[in-house]
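Notes follow once the structure below has been shown.
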Amino acid sequence: MSDPIDRTGLRPRFWQDIPLSRMTHREWEALCDGCGKCCLNKLEDEDTGEVALTRVACRLFDDGTCRCASYADRHRHVPECVVLDPASLEKNLYWLPETCAYKLLWQGSPLFDWHPLISGTPETVHRAGVSVRGRTLSEVTTPEEDWEDHIIEEPT
């Protein structure tokens, strides 16, 4: 007997049984919690390698939905946008937020209760205060030399 499929069309708790490297594209994309932190510009200390999040978001970031406004063709507009996939995950772990499902699963940690795959609703990431919805500035209107003034602490 096969496992039941939930309302997303995915097997419940698939991430507990399927390694990141063997997930389908749909399973991989479903891991995104919608926090929006990937779309924030980051500052990296050249000496220590420490990465700080700023509240300055990519020009394609939609502050209301916490999603990319042009996800499917974002590279046409932002060629430097990182494609996070199983092959590139390890080299990108250093800048991913501590709450990121990809990072958590890579480290062997469980997803948080507020993750939409656990809670059943994308709103829980916002209610938990983990997302940046409603709290960003656009890189279009914020000069790069001012980004340091907009460093934010990441919720843990």
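Please note that chains go A, B, ... in the order of the structure tokens, that every chain numbers its residues from 1, and that ligands are numbered from 1 in the order shown.
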Inset, instruction - Determine which residues of segment 53-103 of chain A DSSP labels as strand (DSSP E or B) from the backbone of this structure, then write them out as a ChimeraX atom specification. - result: /A:53-57,61-62,67-68
Just the selected residues (C-alpha atoms), exported as an mmCIF file, in the first residue's frame, please.
data_model
loop_
_atom_site.group_PDB
_atom_site.id
_atom_site.type_symbol
_atom_site.label_atom_id
_atom_site.label_comp_id
_atom_site.auth_asym_id
_atom_site.auth_seq_id
_atom_site.Cartn_x
_atom_site.Cartn_y
_atom_site.Cartn_z
ATOM 1 C CA LEU A 53 21.454 39.824 6.801
ATOM 2 C CA THR A 54 20.186 43.245 5.855
ATOM 3 C CA ARG A 55 16.569 44.239 5.446
ATOM 4 C CA VAL A 56 17.443 45.404 1.937
ATOM 5 C CA ALA A 57 15.723 42.995 -0.427
ATOM 6 C CA PHE A 61 11.198 40.615 -3.837
ATOM 7 C CA ASP A 62 7.521 41.168 -3.067
ATOM 8 C CA ARG A 67 8.147 35.670 -2.561
ATOM 9 C CA CYS A 68 10.025 36.514 -5.724
#
10 Å contact set for segment 149-154 of chain A, only C-alpha atoms, chain neighbours under 5 positions out, as a short mmCIF file (atom, residue, chain, number, x, y, z; two decimals) with N, CA and C atoms, in the first residue's frame:
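Saved the output as result.cif:
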data_model
loop_
_atom_site.label_atom_id
_atom_site.label_comp_id
_atom_site.auth_asym_id
_atom_site.auth_seq_id
_atom_site.Cartn_x
_atom_site.Cartn_y
_atom_site.Cartn_z
N LYS A 37 14.10 35.34 3.51
CA LYS A 37 15.47 35.72 3.88
C LYS A 37 16.48 35.45 2.76
N ASN A 41 19.64 41.06 0.77
CA ASN A 41 21.06 41.27 0.50
C ASN A 41 21.83 41.03 1.78
N LYS A 42 22.98 40.43 1.61
CA LYS A 42 23.81 40.07 2.75
C LYS A 42 25.14 40.79 2.66
N LEU A 43 25.75 41.02 3.80
CA LEU A 43 27.08 41.60 3.86
C LEU A 43 28.01 40.57 4.47
N ALA A 52 26.07 38.82 7.45
CA ALA A 52 24.99 39.54 8.13
C ALA A 52 23.85 39.77 7.14
N LEU A 53 22.64 39.53 7.60
CA LEU A 53 21.45 39.82 6.80
C LEU A 53 21.14 41.31 6.91
N THR A 54 20.70 41.88 5.82
CA THR A 54 20.19 43.24 5.85
C THR A 54 18.70 43.18 5.53
N ARG A 55 17.98 44.22 5.82
CA ARG A 55 16.57 44.24 5.45
C ARG A 55 16.38 44.81 4.05
N VAL A 56 17.48 44.92 3.32
CA VAL A 56 17.44 45.40 1.94
C VAL A 56 17.24 44.19 1.02
N PRO A 97 19.89 31.20 6.22
CA PRO A 97 19.42 31.47 7.57
C PRO A 97 19.42 30.19 8.42
N GLU A 98 19.59 30.36 9.71
CA GLU A 98 19.61 29.22 10.63
C GLU A 98 18.28 28.48 10.65
N THR A 99 17.20 29.14 10.27
CA THR A 99 15.87 28.54 10.27
C THR A 99 15.52 27.86 8.95
N VAL A 130 9.24 34.72 11.93
CA VAL A 130 10.45 34.24 11.25
C VAL A 130 10.64 34.90 9.89
N SER A 131 9.55 35.28 9.26
CA SER A 131 9.66 35.87 7.93
C SER A 131 10.00 37.35 8.01
N VAL A 132 10.33 37.90 6.86
CA VAL A 132 10.63 39.33 6.77
C VAL A 132 9.48 40.11 6.12
N THR A 136 10.93 44.96 4.83
CA THR A 136 12.09 45.11 3.96
C THR A 136 12.12 46.46 3.25
N LEU A 137 13.29 46.78 2.75
CA LEU A 137 13.51 47.94 1.88
C LEU A 137 13.97 47.39 0.54
N THR A 142 17.55 51.86 -1.97
CA THR A 142 18.49 51.92 -0.86
C THR A 142 19.91 51.79 -1.40
N GLU A 144 23.75 51.05 -1.87
CA GLU A 144 24.56 49.98 -1.29
C GLU A 144 25.42 50.46 -0.12
#
Legend entry - Gap from atom CA of Arg127 of chain A to atom CA of Gln16 of chain A - Å, one decimal: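 Separation of atom CA of Arg127 of chain A and atom CA of Gln16 of chain A: 24.5 Å.
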Legend entry - Test item: residues at most 12 Å from Met23 of chain A, only C-alpha atoms, excluding those fewer than 4 positions along its chain, as JSON, numbers by chain: {"A": [10, 11, 14, 15, 16, 17, 18, 19, 27, 28, 29, 30, 31, 85, 86, 87, 102]}
Using DSSP secondary structure from the backbone, list all alpha helix (DSSP H) positions within chain A, as a PDB file with C-alpha atoms, in the first residue's frame.
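For reference, selection_35.pdb as written:
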ATOM      1  CA  HIS A  25      11.915  19.290  -8.025  1.00  0.00           C
ATOM      2  CA  ARG A  26       8.437  19.653  -6.518  1.00  0.00           C
ATOM      3  CA  GLU A  27       9.529  18.178  -3.171  1.00  0.00           C
ATOM      4  CA  TRP A  28      12.621  20.403  -3.123  1.00  0.00           C
ATOM      5  CA  GLU A  29      10.602  23.554  -3.804  1.00  0.00           C
ATOM      6  CA  ALA A  30       8.044  22.582  -1.135  1.00  0.00           C
ATOM      7  CA  ARG A  74      14.488  35.734 -12.178  1.00  0.00           C
ATOM      8  CA  HIS A  75      17.866  35.167 -13.832  1.00  0.00           C
ATOM      9  CA  ARG A  76      16.829  37.322 -16.751  1.00  0.00           C
ATOM     10  CA  HIS A  77      16.443  40.229 -14.316  1.00  0.00           C
ATOM     11  CA  LEU A  89      23.536  23.403  -1.226  1.00  0.00           C
ATOM     12  CA  GLU A  90      26.766  22.577   0.606  1.00  0.00           C
ATOM     13  CA  LYS A  91      28.679  25.548  -0.809  1.00  0.00           C
ATOM     14  CA  ASN A  92      25.786  27.888   0.066  1.00  0.00           C
ATOM     15  CA  ALA A 101      14.630  23.975   5.970  1.00  0.00           C
ATOM     16  CA  TYR A 102      17.374  23.121   3.484  1.00  0.00           C
ATOM     17  CA  LYS A 103      20.064  23.906   6.055  1.00  0.00           C
ATOM     18  CA  LEU A 104      18.214  22.159   8.878  1.00  0.00           C
ATOM     19  CA  LEU A 105      17.741  18.957   6.882  1.00  0.00           C
ATOM     20  CA  TRP A 106      21.347  19.041   5.652  1.00  0.00           C
ATOM     21  CA  PRO A 116       4.188  25.217   6.399  1.00  0.00           C
ATOM     22  CA  LEU A 117       4.806  21.506   5.724  1.00  0.00           C
ATOM     23  CA  ILE A 118       4.258  20.825   9.438  1.00  0.00           C
ATOM     24  CA  SER A 119       1.546  23.383  10.205  1.00  0.00           C
ATOM     25  CA  THR A 124       2.615  30.172  10.385  1.00  0.00           C
ATOM     26  CA  VAL A 125       6.082  31.318   9.273  1.00  0.00           C
ATOM     27  CA  HIS A 126       4.812  34.891   9.410  1.00  0.00           C
ATOM     28  CA  ARG A 127       2.907  34.489  12.687  1.00  0.00           C
TER      29      ARG A 127
END
Legend entry - Nearest to Trp114 of chain A by atom-to-atom distance, counting only C-alpha atoms, from A:Leu93, A:Cys81, A:Cys35, A:Cys58: A:Cys35
Inset, instruction - Could you jot down the atom CA of Gly64 of chain A to atom CA of Asp33 of chain A separation for me, Å, one decimal place? - result: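 Interatomic distance, atom CA of Gly64 of chain A to atom CA of Asp33 of chain A: 14.9 Å.
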Legend entry - Of the listed residues A:Val51, A:Cys66, A:Val78, A:Leu96, that which approaches Glu148 of chain A most closely, counting only C-alpha atoms: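 Ranking A:Val51, A:Cys66, A:Val78, A:Leu96 by distance to Glu148 of chain A, first place goes to A:Val51.
Relative to atom CA of Thr65 of chain A, atom CA of Arg22 of chain A is found at 28.9 Å.
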Inset, instruction - Find, counting only C-alpha atoms, the residue in A:Gly9, A:Glu50, A:Arg59, A:Cys39 that gets nearest to Thr141 of chain A. - result: A:Arg59
